[in-house]
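Data block below; observations after.
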There are 2 protein chains.
Amino acid sequence: MSESIIRADAPVVTLINVFTVDRADQQRLVELWQRATDEVMRHLPGFVSANVHRSLDGTKVVNYAQWESQDAFTAMLRHPDARPYLTELGEIGTPAPVLCEVVSVHHI
Amino acid sequence: MSESIIRADAPVVTLINVFTVDRADQQRLVELWQRATDEVMRHLPGFVSANVHRSLDGTKVVNYAQWESQDAFTAMLRHPDARPYLTELGEIGTPAPVLCEVVSVHHI
């Protein structure tokens with residue numbers, strides 16, 4: 001599946017993690033996040049989606065990720081397969097994770 | 001329509017705006033953002049979606065918004081109907097807007 005759905009009543013928690021990076025490192029951080037997701041994150045219990053964004057000004061990488069529950073997300077943070085990736089991500093950029101719920105969705 | 005779609009090849013730019021607020025103001029900021037979207041933003045040219053999130057810890061409100069182009073987004077910032085709402089939002093919380101493109105979407 002190549003798309004993710006945002007809904008107010010979906011049974012997920014949403015992690016919005018804005019990484020600040022040097023422009024020279026943006027692409028490397030994108031690729032590391034993609035590799036971490038494909039090799040580890042998406043195989044862990046409770047993973048729903050990860051959606052990797054790059055800022056147009058080159059200074060940020062944003063992961064919009066969905067997990068089945070806050071417990072599943074917290075377990076990922078402690079998982080031994082995830083730890084090396086989390087450490088490496090933090091060496092390239094500065095994370096600012098926010099754990100959220102969707103309140104409302106608006107269209108035209 | 002009550003859901004938004006995240007895709008890597010969608011013809012949109014994505015605004016991820018993380019507002020920092022006092023816990024006492026989080027609900028007020030959510031409601032102001034909903035009202036600004038319903039009354040103004042969604043009627044402007046190039047609007048695709050707004051998706052309002054509240055952080056579980058009470059200290060952030062995040063808008064994940066999609067616009068047809070960077071020009072449409074920039075025009076909104078200057079629109080006279082939008083300006084009063086943008087000013088009021090900035091009085092309640094501290095915005096950190098990031099304009100992005102989706103690089104990749106990952107699932108199980």
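Ordered as shown in the structure tokens, chains take letters A, B, and onward, while each chain numbers its residues from 1 and ligands are numbered from 1 in the order shown.
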
Restrict the distance test to only C-alpha atoms, flag each residue of chain A within 6 Å of chain B, and return the flagged residues as a PDB file with N, CA, C and O atoms, in the first residue's frame.
ATOM      1  N   SER A   2       0.594   2.197  -0.832  1.00  0.00           N
ATOM      2  CA  SER A   2       1.466   3.350  -1.011  1.00  0.00           C
ATOM      3  C   SER A   2       0.822   4.633  -0.523  1.00  0.00           C
ATOM      4  O   SER A   2       1.229   5.713  -0.899  1.00  0.00           O
ATOM      5  N   GLU A   3      -0.196   4.528   0.321  1.00  0.00           N
ATOM      6  CA  GLU A   3      -0.763   5.749   0.876  1.00  0.00           C
ATOM      7  C   GLU A   3      -1.195   5.520   2.314  1.00  0.00           C
ATOM      8  O   GLU A   3      -1.479   4.402   2.732  1.00  0.00           O
ATOM      9  N   SER A   4      -1.220   6.615   3.076  1.00  0.00           N
ATOM     10  CA  SER A   4      -1.671   6.575   4.462  1.00  0.00           C
ATOM     11  C   SER A   4      -2.914   7.443   4.584  1.00  0.00           C
ATOM     12  O   SER A   4      -3.110   8.386   3.830  1.00  0.00           O
ATOM     13  N   ILE A   5      -3.727   7.105   5.574  1.00  0.00           N
ATOM     14  CA  ILE A   5      -5.004   7.788   5.782  1.00  0.00           C
ATOM     15  C   ILE A   5      -4.961   8.528   7.115  1.00  0.00           C
ATOM     16  O   ILE A   5      -4.560   7.956   8.126  1.00  0.00           O
ATOM     17  N   ILE A   6      -5.384   9.787   7.103  1.00  0.00           N
ATOM     18  CA  ILE A   6      -5.561  10.543   8.348  1.00  0.00           C
ATOM     19  C   ILE A   6      -7.061  10.656   8.609  1.00  0.00           C
ATOM     20  O   ILE A   6      -7.803  11.184   7.773  1.00  0.00           O
ATOM     21  N   ARG A   7      -7.496  10.144   9.768  1.00  0.00           N
ATOM     22  CA  ARG A   7      -8.914  10.233  10.158  1.00  0.00           C
ATOM     23  C   ARG A   7      -8.981  10.577  11.630  1.00  0.00           C
ATOM     24  O   ARG A   7      -8.118  10.185  12.418  1.00  0.00           O
ATOM     25  N   ARG A  42       8.841  -1.237  10.612  1.00  0.00           N
ATOM     26  CA  ARG A  42       7.578  -1.754  10.073  1.00  0.00           C
ATOM     27  C   ARG A  42       7.332  -3.222  10.443  1.00  0.00           C
ATOM     28  O   ARG A  42       6.231  -3.723  10.225  1.00  0.00           O
ATOM     29  N   SER A  49       2.070   3.038   9.995  1.00  0.00           N
ATOM     30  CA  SER A  49       2.687   3.667   8.823  1.00  0.00           C
ATOM     31  C   SER A  49       3.800   4.608   9.253  1.00  0.00           C
ATOM     32  O   SER A  49       3.825   5.089  10.388  1.00  0.00           O
ATOM     33  N   ALA A  50       4.713   4.875   8.327  1.00  0.00           N
ATOM     34  CA  ALA A  50       5.673   5.969   8.471  1.00  0.00           C
ATOM     35  C   ALA A  50       5.638   6.744   7.164  1.00  0.00           C
ATOM     36  O   ALA A  50       5.525   6.152   6.081  1.00  0.00           O
ATOM     37  N   ASN A  51       5.683   8.068   7.292  1.00  0.00           N
ATOM     38  CA  ASN A  51       5.579   8.942   6.125  1.00  0.00           C
ATOM     39  C   ASN A  51       6.680   9.983   6.243  1.00  0.00           C
ATOM     40  O   ASN A  51       6.611  10.886   7.083  1.00  0.00           O
ATOM     41  N   VAL A  52       7.696   9.818   5.390  1.00  0.00           N
ATOM     42  CA  VAL A  52       8.896  10.638   5.504  1.00  0.00           C
ATOM     43  C   VAL A  52       8.763  11.874   4.600  1.00  0.00           C
ATOM     44  O   VAL A  52       8.419  11.757   3.424  1.00  0.00           O
ATOM     45  N   HIS A  53       8.994  13.043   5.201  1.00  0.00           N
ATOM     46  CA  HIS A  53       8.897  14.325   4.493  1.00  0.00           C
ATOM     47  C   HIS A  53      10.246  15.033   4.549  1.00  0.00           C
ATOM     48  O   HIS A  53      10.955  14.945   5.547  1.00  0.00           O
ATOM     49  N   ARG A  54      10.547  15.763   3.481  1.00  0.00           N
ATOM     50  CA  ARG A  54      11.704  16.665   3.522  1.00  0.00           C
ATOM     51  C   ARG A  54      11.198  18.096   3.401  1.00  0.00           C
ATOM     52  O   ARG A  54      10.259  18.373   2.631  1.00  0.00           O
ATOM     53  N   SER A  55      11.814  19.016   4.166  1.00  0.00           N
ATOM     54  CA  SER A  55      11.394  20.415   4.054  1.00  0.00           C
ATOM     55  C   SER A  55      11.965  21.019   2.777  1.00  0.00           C
ATOM     56  O   SER A  55      13.067  20.670   2.337  1.00  0.00           O
ATOM     57  N   LEU A  56      11.197  21.927   2.190  1.00  0.00           N
ATOM     58  CA  LEU A  56      11.621  22.546   0.937  1.00  0.00           C
ATOM     59  C   LEU A  56      12.862  23.421   1.130  1.00  0.00           C
ATOM     60  O   LEU A  56      13.638  23.610   0.188  1.00  0.00           O
ATOM     61  N   LEU A  99       3.920  13.310  20.319  1.00  0.00           N
ATOM     62  CA  LEU A  99       2.952  12.229  20.219  1.00  0.00           C
ATOM     63  C   LEU A  99       1.547  12.823  20.292  1.00  0.00           C
ATOM     64  O   LEU A  99       1.220  13.538  21.251  1.00  0.00           O
ATOM     65  N   CYS A 100       0.727  12.516  19.286  1.00  0.00           N
ATOM     66  CA  CYS A 100      -0.541  13.234  19.093  1.00  0.00           C
ATOM     67  C   CYS A 100      -1.723  12.296  18.883  1.00  0.00           C
ATOM     68  O   CYS A 100      -1.567  11.112  18.590  1.00  0.00           O
ATOM     69  N   GLU A 101      -2.910  12.906  18.962  1.00  0.00           N
ATOM     70  CA  GLU A 101      -4.106  12.284  18.405  1.00  0.00           C
ATOM     71  C   GLU A 101      -4.719  13.278  17.421  1.00  0.00           C
ATOM     72  O   GLU A 101      -4.598  14.491  17.591  1.00  0.00           O
ATOM     73  N   VAL A 102      -5.384  12.744  16.393  1.00  0.00           N
ATOM     74  CA  VAL A 102      -6.046  13.593  15.404  1.00  0.00           C
ATOM     75  C   VAL A 102      -7.348  14.104  16.020  1.00  0.00           C
ATOM     76  O   VAL A 102      -8.149  13.319  16.518  1.00  0.00           O
ATOM     77  N   VAL A 103      -7.549  15.417  15.979  1.00  0.00           N
ATOM     78  CA  VAL A 103      -8.769  16.000  16.515  1.00  0.00           C
ATOM     79  C   VAL A 103      -9.817  16.154  15.410  1.00  0.00           C
ATOM     80  O   VAL A 103     -10.977  15.797  15.601  1.00  0.00           O
ATOM     81  N   SER A 104      -9.400  16.703  14.268  1.00  0.00           N
ATOM     82  CA  SER A 104     -10.370  16.924  13.191  1.00  0.00           C
ATOM     83  C   SER A 104      -9.680  17.023  11.854  1.00  0.00           C
ATOM     84  O   SER A 104      -8.511  17.404  11.757  1.00  0.00           O
ATOM     85  N   VAL A 105     -10.440  16.676  10.821  1.00  0.00           N
ATOM     86  CA  VAL A 105      -9.962  16.693   9.436  1.00  0.00           C
ATOM     87  C   VAL A 105     -10.894  17.605   8.641  1.00  0.00           C
ATOM     88  O   VAL A 105     -12.115  17.478   8.739  1.00  0.00           O
ATOM     89  N   HIS A 106     -10.324  18.524   7.878  1.00  0.00           N
ATOM     90  CA  HIS A 106     -11.117  19.542   7.175  1.00  0.00           C
ATOM     91  C   HIS A 106     -10.813  19.512   5.693  1.00  0.00           C
ATOM     92  O   HIS A 106      -9.665  19.431   5.287  1.00  0.00           O
ATOM     93  N   HIS A 107     -11.867  19.609   4.888  1.00  0.00           N
ATOM     94  CA  HIS A 107     -11.713  19.687   3.440  1.00  0.00           C
ATOM     95  C   HIS A 107     -12.541  20.834   2.890  1.00  0.00           C
ATOM     96  O   HIS A 107     -13.223  21.541   3.638  1.00  0.00           O
ATOM     97  N   ILE A 108     -12.444  21.014   1.581  1.00  0.00           N
ATOM     98  CA  ILE A 108     -13.140  22.124   0.923  1.00  0.00           C
ATOM     99  C   ILE A 108     -14.634  22.064   1.207  1.00  0.00           C
ATOM    100  O   ILE A 108     -15.230  21.011   1.160  1.00  0.00           O
TER     101      ILE A 108
END

Residue contacts of region 80-95 of chain B (9 Å, only C-alpha atoms) excluding same-chain residues fewer than 5 positions away, as a ChimeraX atom specification: /B:17-22,25-26,28-29,32-33,35-36,40-41,60-61

Just to be explicit: take each residue in the selection above, keep all heavy atoms, and write the result as a compact mmCIF listing (two decimals), in the first residue's frame.
# COMPACT_ATOMS: atom_id res chain seq x y z
N ASN B 17 2.88 22.37 10.95
CA ASN B 17 3.06 23.52 11.83
C ASN B 17 2.83 23.09 13.28
O ASN B 17 1.70 22.77 13.67
CB ASN B 17 2.08 24.63 11.44
CG ASN B 17 2.49 25.99 12.00
OD1 ASN B 17 3.37 26.07 12.87
ND2 ASN B 17 1.86 27.04 11.52
N VAL B 18 3.91 23.03 14.05
CA VAL B 18 3.84 22.62 15.45
C VAL B 18 3.77 23.87 16.32
O VAL B 18 4.73 24.63 16.40
CB VAL B 18 5.07 21.77 15.83
CG1 VAL B 18 4.99 21.36 17.31
CG2 VAL B 18 5.21 20.53 14.94
N PHE B 19 2.62 24.07 16.95
CA PHE B 19 2.44 25.19 17.88
C PHE B 19 2.73 24.72 19.29
O PHE B 19 2.20 23.70 19.74
CB PHE B 19 0.99 25.69 17.85
CG PHE B 19 0.75 26.85 16.93
CD1 PHE B 19 0.73 26.67 15.56
CD2 PHE B 19 0.53 28.12 17.43
CE1 PHE B 19 0.50 27.74 14.70
CE2 PHE B 19 0.30 29.20 16.58
CZ PHE B 19 0.28 29.01 15.21
N THR B 20 3.54 25.49 20.00
CA THR B 20 3.75 25.24 21.43
C THR B 20 2.81 26.14 22.22
O THR B 20 2.70 27.34 21.93
CB THR B 20 5.21 25.55 21.81
OG1 THR B 20 6.07 24.71 21.02
CG2 THR B 20 5.46 25.29 23.28
N VAL B 21 2.10 25.55 23.19
CA VAL B 21 1.12 26.31 23.98
C VAL B 21 1.21 25.93 25.45
O VAL B 21 1.72 24.87 25.80
CB VAL B 21 -0.34 25.99 23.54
CG1 VAL B 21 -0.67 26.61 22.21
CG2 VAL B 21 -0.62 24.50 23.55
N ASP B 22 0.71 26.82 26.28
CA ASP B 22 0.46 26.43 27.67
C ASP B 22 -0.65 25.38 27.67
O ASP B 22 -1.59 25.46 26.87
CB ASP B 22 -0.01 27.65 28.48
CG ASP B 22 1.13 28.63 28.74
OD1 ASP B 22 2.31 28.23 28.63
OD2 ASP B 22 0.82 29.79 29.04
N ASP B 25 -4.15 26.44 27.41
CA ASP B 25 -4.62 27.05 26.16
C ASP B 25 -4.76 26.05 25.02
O ASP B 25 -5.17 26.44 23.91
CB ASP B 25 -3.65 28.16 25.72
CG ASP B 25 -3.69 29.36 26.65
OD1 ASP B 25 -4.77 29.63 27.21
OD2 ASP B 25 -2.64 30.01 26.82
N GLN B 26 -4.42 24.78 25.24
CA GLN B 26 -4.40 23.84 24.11
C GLN B 26 -5.78 23.72 23.45
O GLN B 26 -5.90 23.82 22.23
CB GLN B 26 -3.92 22.46 24.57
CG GLN B 26 -3.66 21.52 23.38
CD GLN B 26 -3.47 20.07 23.78
OE1 GLN B 26 -4.13 19.56 24.70
NE2 GLN B 26 -2.57 19.39 23.10
N ARG B 28 -8.30 25.77 23.49
CA ARG B 28 -8.67 27.03 22.85
C ARG B 28 -7.97 27.18 21.50
O ARG B 28 -8.57 27.64 20.52
CB ARG B 28 -8.29 28.20 23.78
CG ARG B 28 -8.85 29.55 23.37
CD ARG B 28 -8.92 30.52 24.55
NE ARG B 28 -7.61 30.89 25.05
CZ ARG B 28 -6.99 32.05 24.78
NH1 ARG B 28 -7.59 32.96 24.03
NH2 ARG B 28 -5.81 32.32 25.28
N LEU B 29 -6.71 26.77 21.43
CA LEU B 29 -5.97 26.86 20.17
C LEU B 29 -6.53 25.87 19.15
O LEU B 29 -6.66 26.19 17.96
CB LEU B 29 -4.47 26.59 20.41
CG LEU B 29 -3.56 26.79 19.20
CD1 LEU B 29 -3.69 28.21 18.65
CD2 LEU B 29 -2.10 26.53 19.58
N LEU B 32 -9.73 27.42 17.83
CA LEU B 32 -9.47 28.57 16.96
C LEU B 32 -9.01 28.09 15.58
O LEU B 32 -9.41 28.62 14.54
CB LEU B 32 -8.43 29.50 17.59
CG LEU B 32 -8.05 30.71 16.74
CD1 LEU B 32 -9.27 31.59 16.45
CD2 LEU B 32 -6.96 31.53 17.44
N TRP B 33 -8.17 27.06 15.59
CA TRP B 33 -7.68 26.53 14.31
C TRP B 33 -8.81 25.90 13.50
O TRP B 33 -8.90 26.07 12.28
CB TRP B 33 -6.57 25.51 14.55
CG TRP B 33 -5.46 25.66 13.56
CD1 TRP B 33 -5.58 26.04 12.25
CD2 TRP B 33 -4.08 25.47 13.78
NE1 TRP B 33 -4.37 26.08 11.65
CE2 TRP B 33 -3.43 25.74 12.57
CE3 TRP B 33 -3.33 25.07 14.89
CZ2 TRP B 33 -2.05 25.62 12.43
CZ3 TRP B 33 -1.96 24.96 14.75
CH2 TRP B 33 -1.34 25.24 13.53
N ARG B 35 -11.95 26.79 13.67
CA ARG B 35 -12.80 27.86 13.18
C ARG B 35 -12.14 28.59 12.02
O ARG B 35 -12.80 28.89 11.01
CB ARG B 35 -13.09 28.83 14.34
CG ARG B 35 -14.34 29.66 14.15
CD ARG B 35 -14.82 30.30 15.44
NE ARG B 35 -13.93 31.34 15.93
CZ ARG B 35 -13.25 31.30 17.07
NH1 ARG B 35 -13.35 30.26 17.88
NH2 ARG B 35 -12.48 32.32 17.43
N ALA B 36 -10.83 28.88 12.14
CA ALA B 36 -10.10 29.54 11.04
C ALA B 36 -10.19 28.70 9.76
O ALA B 36 -10.39 29.23 8.66
CB ALA B 36 -8.64 29.74 11.43
N VAL B 40 -12.41 30.34 6.85
CA VAL B 40 -11.57 31.03 5.87
C VAL B 40 -10.74 30.06 5.01
O VAL B 40 -10.92 29.99 3.79
CB VAL B 40 -10.61 32.03 6.56
CG1 VAL B 40 -9.66 32.65 5.54
CG2 VAL B 40 -11.41 33.12 7.25
N MET B 41 -9.84 29.33 5.64
CA MET B 41 -8.80 28.60 4.90
C MET B 41 -9.36 27.69 3.81
O MET B 41 -8.88 27.66 2.68
CB MET B 41 -7.93 27.76 5.85
CG MET B 41 -7.33 28.52 7.01
SD MET B 41 -6.31 29.94 6.53
CE MET B 41 -5.74 30.49 8.14
N LYS B 60 1.27 20.93 22.87
CA LYS B 60 1.43 21.23 21.45
C LYS B 60 0.09 21.08 20.72
O LYS B 60 -0.77 20.29 21.14
CB LYS B 60 2.43 20.27 20.78
CG LYS B 60 3.83 20.26 21.38
CD LYS B 60 4.66 21.41 20.90
CE LYS B 60 6.13 21.26 21.28
NZ LYS B 60 6.35 21.13 22.74
N VAL B 61 -0.07 21.86 19.65
CA VAL B 61 -1.13 21.62 18.68
C VAL B 61 -0.43 21.58 17.33
O VAL B 61 0.41 22.44 17.04
CB VAL B 61 -2.20 22.74 18.70
CG1 VAL B 61 -3.25 22.51 17.62
CG2 VAL B 61 -2.86 22.82 20.08

Those of region 3-91 of chain B in DSSP helix (DSSP H, G or I), formatted as an MDAnalysis selection string: chainID B and resid 23:39 41:43 70:78 83:91

Selection from above, N, CA, C and O atoms, as a compact mmCIF listing (two decimals), in the first residue's frame, can you write it?
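For reference, again_19.txt as written:
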# COMPACT_ATOMS: atom_id res chain seq x y z
N ARG B 23 -0.54 24.44 28.60
CA ARG B 23 -1.57 23.38 28.66
C ARG B 23 -2.97 23.97 28.78
O ARG B 23 -3.92 23.46 28.20
N ALA B 24 -3.09 25.06 29.51
CA ALA B 24 -4.40 25.68 29.73
C ALA B 24 -5.00 26.22 28.43
O ALA B 24 -6.21 26.45 28.35
N ASP B 25 -4.15 26.44 27.41
CA ASP B 25 -4.62 27.05 26.16
C ASP B 25 -4.76 26.05 25.02
O ASP B 25 -5.17 26.44 23.91
N GLN B 26 -4.42 24.78 25.24
CA GLN B 26 -4.40 23.84 24.11
C GLN B 26 -5.78 23.72 23.45
O GLN B 26 -5.90 23.82 22.23
N GLN B 27 -6.81 23.54 24.25
CA GLN B 27 -8.15 23.36 23.68
C GLN B 27 -8.62 24.62 22.94
O GLN B 27 -9.22 24.54 21.86
N ARG B 28 -8.30 25.77 23.49
CA ARG B 28 -8.67 27.03 22.85
C ARG B 28 -7.97 27.18 21.50
O ARG B 28 -8.57 27.64 20.52
N LEU B 29 -6.71 26.77 21.43
CA LEU B 29 -5.97 26.86 20.17
C LEU B 29 -6.53 25.87 19.15
O LEU B 29 -6.66 26.19 17.96
N VAL B 30 -6.88 24.66 19.60
CA VAL B 30 -7.52 23.68 18.70
C VAL B 30 -8.79 24.28 18.10
O VAL B 30 -9.01 24.24 16.88
N GLU B 31 -9.61 24.86 18.94
CA GLU B 31 -10.90 25.38 18.47
C GLU B 31 -10.73 26.59 17.55
O GLU B 31 -11.48 26.74 16.57
N LEU B 32 -9.73 27.42 17.83
CA LEU B 32 -9.47 28.57 16.96
C LEU B 32 -9.01 28.09 15.58
O LEU B 32 -9.41 28.62 14.54
N TRP B 33 -8.17 27.06 15.59
CA TRP B 33 -7.68 26.53 14.31
C TRP B 33 -8.81 25.90 13.50
O TRP B 33 -8.90 26.07 12.28
N GLN B 34 -9.69 25.21 14.19
CA GLN B 34 -10.85 24.63 13.50
C GLN B 34 -11.73 25.72 12.91
O GLN B 34 -12.20 25.63 11.78
N ARG B 35 -11.95 26.79 13.67
CA ARG B 35 -12.80 27.86 13.18
C ARG B 35 -12.14 28.59 12.02
O ARG B 35 -12.80 28.89 11.01
N ALA B 36 -10.83 28.88 12.14
CA ALA B 36 -10.10 29.54 11.04
C ALA B 36 -10.19 28.70 9.76
O ALA B 36 -10.39 29.23 8.66
N THR B 37 -10.07 27.40 9.90
CA THR B 37 -10.11 26.52 8.73
C THR B 37 -11.50 26.51 8.11
O THR B 37 -11.65 26.65 6.88
N ASP B 38 -12.51 26.35 8.94
CA ASP B 38 -13.87 26.24 8.41
C ASP B 38 -14.36 27.56 7.81
O ASP B 38 -15.04 27.57 6.79
N GLU B 39 -14.00 28.66 8.45
CA GLU B 39 -14.54 29.96 8.02
C GLU B 39 -13.73 30.60 6.90
O GLU B 39 -14.28 31.33 6.07
N MET B 41 -9.84 29.33 5.64
CA MET B 41 -8.80 28.60 4.90
C MET B 41 -9.36 27.69 3.81
O MET B 41 -8.88 27.66 2.68
N ARG B 42 -10.39 26.92 4.14
CA ARG B 42 -10.85 25.91 3.18
C ARG B 42 -11.56 26.53 1.98
O ARG B 42 -11.82 25.83 1.00
N HIS B 43 -11.85 27.83 2.06
CA HIS B 43 -12.48 28.51 0.93
C HIS B 43 -11.45 29.17 0.01
O HIS B 43 -11.82 29.71 -1.03
N GLN B 70 3.10 25.73 -3.38
CA GLN B 70 3.71 26.67 -2.46
C GLN B 70 3.15 28.07 -2.67
O GLN B 70 2.94 28.81 -1.71
N ASP B 71 2.85 28.42 -3.92
CA ASP B 71 2.27 29.74 -4.20
C ASP B 71 0.90 29.89 -3.53
O ASP B 71 0.58 30.97 -2.99
N ALA B 72 0.09 28.85 -3.58
CA ALA B 72 -1.23 28.93 -2.94
C ALA B 72 -1.09 29.12 -1.43
O ALA B 72 -1.82 29.90 -0.82
N PHE B 73 -0.13 28.40 -0.85
CA PHE B 73 0.11 28.54 0.59
C PHE B 73 0.56 29.96 0.92
O PHE B 73 0.07 30.60 1.85
N THR B 74 1.50 30.49 0.14
CA THR B 74 2.03 31.83 0.38
C THR B 74 0.94 32.89 0.22
O THR B 74 0.87 33.86 0.99
N ALA B 75 0.07 32.70 -0.78
CA ALA B 75 -1.03 33.64 -0.99
C ALA B 75 -1.97 33.65 0.22
O ALA B 75 -2.48 34.71 0.62
N MET B 76 -2.19 32.47 0.80
CA MET B 76 -3.04 32.40 2.00
C MET B 76 -2.46 33.25 3.12
O MET B 76 -3.18 33.98 3.81
N LEU B 77 -1.14 33.18 3.30
CA LEU B 77 -0.51 33.93 4.39
C LEU B 77 -0.77 35.43 4.26
O LEU B 77 -0.81 36.15 5.25
N ARG B 78 -0.94 35.89 3.03
CA ARG B 78 -1.12 37.32 2.78
C ARG B 78 -2.59 37.71 2.63
O ARG B 78 -2.91 38.89 2.49
N ARG B 83 -5.38 36.88 7.69
CA ARG B 83 -4.45 37.58 8.59
C ARG B 83 -4.94 37.67 10.04
O ARG B 83 -4.17 37.39 10.96
N PRO B 84 -6.20 38.06 10.28
CA PRO B 84 -6.63 38.16 11.70
C PRO B 84 -6.54 36.82 12.44
O PRO B 84 -6.15 36.78 13.61
N TYR B 85 -6.88 35.73 11.74
CA TYR B 85 -6.76 34.41 12.38
C TYR B 85 -5.30 34.06 12.66
O TYR B 85 -4.96 33.52 13.72
N LEU B 86 -4.42 34.33 11.70
CA LEU B 86 -3.00 34.02 11.89
C LEU B 86 -2.43 34.80 13.06
O LEU B 86 -1.65 34.27 13.87
N THR B 87 -2.86 36.05 13.18
CA THR B 87 -2.39 36.88 14.30
C THR B 87 -2.87 36.30 15.63
O THR B 87 -2.10 36.16 16.58
N GLU B 88 -4.15 35.93 15.67
CA GLU B 88 -4.72 35.41 16.93
C GLU B 88 -4.09 34.07 17.31
O GLU B 88 -3.80 33.81 18.49
N LEU B 89 -3.86 33.21 16.30
CA LEU B 89 -3.19 31.93 16.58
C LEU B 89 -1.82 32.18 17.20
O LEU B 89 -1.41 31.50 18.15
N GLY B 90 -1.10 33.17 16.66
CA GLY B 90 0.24 33.48 17.16
C GLY B 90 0.25 34.12 18.53
O GLY B 90 1.28 34.13 19.21
N GLU B 91 -0.90 34.65 18.94
CA GLU B 91 -0.99 35.22 20.28
C GLU B 91 -1.23 34.14 21.34
O GLU B 91 -0.86 34.29 22.50

I'm after chain B in the frame of chain A: fit it by least squares over all Cα atoms matched in order, and give me the output as a short mmCIF file (atom, residue, chain, number, x, y, z; two decimals) with C-alpha atoms, in the first residue's frame.
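Heads up, here's the output in selection04.cif:
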data_model
loop_
_atom_site.label_atom_id
_atom_site.label_comp_id
_atom_site.auth_asym_id
_atom_site.auth_seq_id
_atom_site.Cartn_x
_atom_site.Cartn_y
_atom_site.Cartn_z
CA MET B 1 0.00 0.03 0.04
CA SER B 2 1.46 3.35 -1.00
CA GLU B 3 -0.75 5.76 0.88
CA SER B 4 -1.66 6.58 4.46
CA ILE B 5 -4.99 7.79 5.77
CA ILE B 6 -5.56 10.55 8.34
CA ARG B 7 -8.90 10.23 10.14
CA ALA B 8 -10.16 11.67 13.42
CA ASP B 9 -11.61 8.36 14.62
CA ALA B 10 -8.79 6.02 13.61
CA PRO B 11 -7.46 3.76 16.41
CA VAL B 12 -3.91 5.12 16.18
CA VAL B 13 -1.53 7.49 17.89
CA THR B 14 0.47 9.78 15.64
CA LEU B 15 4.12 10.61 16.11
CA ILE B 16 5.15 13.86 14.43
CA ASN B 17 8.92 14.07 14.68
CA VAL B 18 10.61 17.16 13.21
CA PHE B 19 14.36 16.66 12.83
CA THR B 20 16.56 19.71 12.33
CA VAL B 21 19.60 19.00 10.14
CA ASP B 22 22.36 20.73 8.27
CA ARG B 23 21.35 21.10 4.64
CA ALA B 24 24.28 18.88 3.66
CA ASP B 25 22.83 16.04 5.77
CA GLN B 26 19.15 16.20 4.81
CA GLN B 27 19.31 13.51 2.12
CA ARG B 28 21.40 11.22 4.32
CA LEU B 29 18.87 11.55 7.14
CA VAL B 30 15.98 10.81 4.75
CA GLU B 31 17.72 7.66 3.55
CA LEU B 32 18.60 6.51 7.07
CA TRP B 33 14.99 6.94 8.13
CA GLN B 34 13.77 4.98 5.13
CA ARG B 35 16.22 2.18 5.88
CA ALA B 36 15.34 2.11 9.61
CA THR B 37 11.65 1.87 8.70
CA ASP B 38 12.04 -0.83 6.08
CA GLU B 39 14.50 -2.97 8.03
CA VAL B 40 13.14 -2.62 11.59
CA MET B 41 10.20 -0.34 12.41
CA ARG B 42 7.58 -1.77 10.06
CA HIS B 43 8.19 -5.27 11.43
CA LEU B 44 7.53 -4.27 15.06
CA PRO B 45 4.17 -4.90 16.79
CA GLY B 46 1.69 -2.05 16.41
CA PHE B 47 3.37 -0.28 13.48
CA VAL B 48 0.80 1.27 11.12
CA SER B 49 2.70 3.66 8.83
CA ALA B 50 5.68 5.97 8.47
CA ASN B 51 5.57 8.94 6.13
CA VAL B 52 8.89 10.65 5.50
CA HIS B 53 8.89 14.32 4.49
CA ARG B 54 11.71 16.67 3.51
CA SER B 55 11.40 20.41 4.06
CA LEU B 56 11.62 22.55 0.93
CA ASP B 57 14.27 24.75 2.60
CA GLY B 58 16.54 21.75 3.21
CA THR B 59 16.84 22.15 6.99
CA LYS B 60 14.27 19.64 8.30
CA VAL B 61 13.18 16.04 7.89
CA VAL B 62 9.76 15.16 9.29
CA ASN B 63 8.43 11.70 10.06
CA TYR B 64 4.64 11.49 10.37
CA ALA B 65 4.20 8.01 11.81
CA GLN B 66 1.14 6.09 12.99
CA TRP B 67 1.19 3.41 15.69
CA GLU B 68 -1.66 1.31 17.07
CA SER B 69 -1.12 2.60 20.61
CA GLN B 70 1.16 4.66 22.78
CA ASP B 71 2.41 1.41 24.36
CA ALA B 72 3.44 0.06 20.96
CA PHE B 73 5.32 3.27 20.22
CA THR B 74 7.06 3.22 23.62
CA ALA B 75 8.03 -0.44 23.17
CA MET B 76 9.64 0.44 19.83
CA LEU B 77 11.81 3.07 21.53
CA ARG B 78 13.19 0.36 23.81
CA HIS B 79 13.49 -2.41 21.22
CA PRO B 80 17.09 -3.60 20.74
CA ASP B 81 16.74 -3.68 16.96
CA ALA B 82 15.54 -0.06 16.91
CA ARG B 83 18.06 1.45 19.35
CA PRO B 84 21.06 1.60 16.95
CA TYR B 85 18.95 3.37 14.31
CA LEU B 86 17.54 5.84 16.85
CA THR B 87 21.06 6.62 18.03
CA GLU B 88 22.33 7.16 14.49
CA LEU B 89 19.35 9.35 13.57
CA GLY B 90 20.10 11.49 16.63
CA GLU B 91 23.71 11.86 15.58
CA ILE B 92 22.77 13.29 12.18
CA GLY B 93 19.94 15.57 13.31
CA THR B 94 18.14 16.95 16.35
CA PRO B 95 14.75 15.33 16.91
CA ALA B 96 11.63 17.02 18.30
CA PRO B 97 9.06 14.23 18.69
CA VAL B 98 5.41 15.02 19.46
CA LEU B 99 2.96 12.22 20.21
CA CYS B 100 -0.54 13.23 19.10
CA GLU B 101 -4.11 12.29 18.41
CA VAL B 102 -6.03 13.60 15.41
CA VAL B 103 -8.76 16.00 16.51
CA SER B 104 -10.36 16.93 13.20
CA VAL B 105 -9.95 16.69 9.43
CA HIS B 106 -11.11 19.54 7.18
CA HIS B 107 -11.71 19.68 3.44
CA ILE B 108 -13.13 22.12 0.92
#
